[in-house]
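Working notes, structure below.
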Amino acid sequence: MAGFIIKGINDDTDQCEHCGTRIKRAVALMPLDADGNEEGDVVYYGTTCAGRALGRKSAWVTSQARAAQAKWEADAERAREWLAAYEPVEFGSTREKFRVFVLERHNRLREGESVSRAVAGLLATARATLAARV
Ligand SMILES: [Zn+2]
């Protein structure tokens with residue numbers, strides 16, 4: 001087994017997927033392949049089993065998981081904000097996209113980047129962030 005990366009912690013799951021014990025909080029773990037790439041589906045373990053799987057103490061796992069969860073929540077909030085701003089102009093004209101992207105939100109285009117591409121990129125990033133919910 002190649003290992004896991006900690007994705008977050010939540011109380012949506014009340015059973016450890018590893019041992020079946022009832023748990024108060026579940027640590028979301030993403031399996032990694034031999035090269036360290038994320039592979040497959042997130043599993044939800046109690047802090048004890050997560051600690052064993054990672055070779056760490058459960059207190060370390062809990063603090064790492066809280067940090068990962070907080071980061072995800074901040075990313076998700078930003079993603080939702082991008083969707084709210086850019087979805088209304090997603091299929092709009094270049095002029096509308098420019099109005100939102102540059103005039104309202106004070107972004108700058110990168111060298112050689114079109115506003116349509118910039119907006120599409122933000123929407124894709126936002127959707128991928130929200131799809132990766134743990
Ligand atoms: Zn367990």
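Residue numbering restarts at 1 for every chain of the structure tokens, chains are lettered A, B, ... in their displayed order, and ligands are numbered from 1 as they appear.
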Can you build me a table of chain A residues sitting at most 7 Å from ligand 1, with the closest atom pair per residue and its distance in Å to one decimal, using only C-alpha atoms and all ligand atoms, sorted by chain and residue number, as JSON lines?
{"residue": "A:Cys16", "atom": "CA", "partner": "ligand 1", "partner_atom_place_in_ligand_line": "1 (Zn)", "distance": 4.5}
{"residue": "A:Glu17", "atom": "CA", "partner": "ligand 1", "partner_atom_place_in_ligand_line": "1 (Zn)", "distance": 6.4}
{"residue": "A:His18", "atom": "CA", "partner": "ligand 1", "partner_atom_place_in_ligand_line": "1 (Zn)", "distance": 4.6}
{"residue": "A:Cys19", "atom": "CA", "partner": "ligand 1", "partner_atom_place_in_ligand_line": "1 (Zn)", "distance": 3.9}
{"residue": "A:Gly20", "atom": "CA", "partner": "ligand 1", "partner_atom_place_in_ligand_line": "1 (Zn)", "distance": 5.9}
{"residue": "A:Thr21", "atom": "CA", "partner": "ligand 1", "partner_atom_place_in_ligand_line": "1 (Zn)", "distance": 5.6}
{"residue": "A:Tyr45", "atom": "CA", "partner": "ligand 1", "partner_atom_place_in_ligand_line": "1 (Zn)", "distance": 5.5}
{"residue": "A:Gly46", "atom": "CA", "partner": "ligand 1", "partner_atom_place_in_ligand_line": "1 (Zn)", "distance": 5.0}
{"residue": "A:Thr48", "atom": "CA", "partner": "ligand 1", "partner_atom_place_in_ligand_line": "1 (Zn)", "distance": 6.4}
{"residue": "A:Cys49", "atom": "CA", "partner": "ligand 1", "partner_atom_place_in_ligand_line": "1 (Zn)", "distance": 4.4}
Excluding same-chain residues fewer than 4 positions from A:Glu87, what lies within 8 Å of it counting only C-alpha atoms, as a PDB file with N, CA and C atoms, in the first residue's frame?
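Wrote it out as out.pdb, contents follow:
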ATOM      1  N   TRP A  82     -16.642  32.762  -7.066  1.00  0.00           N
ATOM      2  CA  TRP A  82     -16.321  32.845  -8.502  1.00  0.00           C
ATOM      3  C   TRP A  82     -17.508  32.418  -9.347  1.00  0.00           C
ATOM      4  N   LEU A  83     -18.165  31.325  -8.935  1.00  0.00           N
ATOM      5  CA  LEU A  83     -19.323  30.858  -9.706  1.00  0.00           C
ATOM      6  C   LEU A  83     -20.417  31.922  -9.715  1.00  0.00           C
ATOM      7  N   LEU A 123     -13.861  29.399 -13.854  1.00  0.00           N
ATOM      8  CA  LEU A 123     -15.047  28.546 -13.667  1.00  0.00           C
ATOM      9  C   LEU A 123     -14.641  27.081 -13.550  1.00  0.00           C
TER      10      LEU A 123
END
Those in chain A with helix (DSSP H, G or I) from DSSP, as number ranges by chain: A: 47-54, 58-89, 94-104, 115-131
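A straight line drawn from atom CA of A:Ala131 to atom CA of A:Ala79 is 10.5 Å long.
With atom CA of A:Ile23 on one side and atom CA of A:Ala70 on the other, the separation reads 20.6 Å.
Closest to A:Ile9 among A:His106, A:Arg56, A:Arg22, A:Lys71 is A:Lys71, based on only C-alpha atoms.
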Using only C-alpha atoms, which residue out of A:Ile6, A:Val119, A:Leu130, A:Thr13 lies closest to A:Ala67? A:Ile6
Distance query stretch 29-43 of chain A at most 7 Å, only C-alpha atoms, self and fewer than 6 positions along chain excluded, as a list in words: Ala2, Gly3, Phe4, Ile5, Ile6, Lys7 and Glu17 of chain A
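Relative to atom CA of A:Thr125, atom CA of A:Pro88 is found at 16.3 Å.
Between A:Glu96 and the candidates A:Ser116, A:Lys24, A:Ala65, A:Ala124, the tightest atom-to-atom separation, counting only C-alpha atoms, involves A:Ser116.
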DSSP on the backbone, then: every residue of chain A marked strand (DSSP E), written as a VMD selection string. chain A and resid 4 to 10 26 to 31 43 to 45
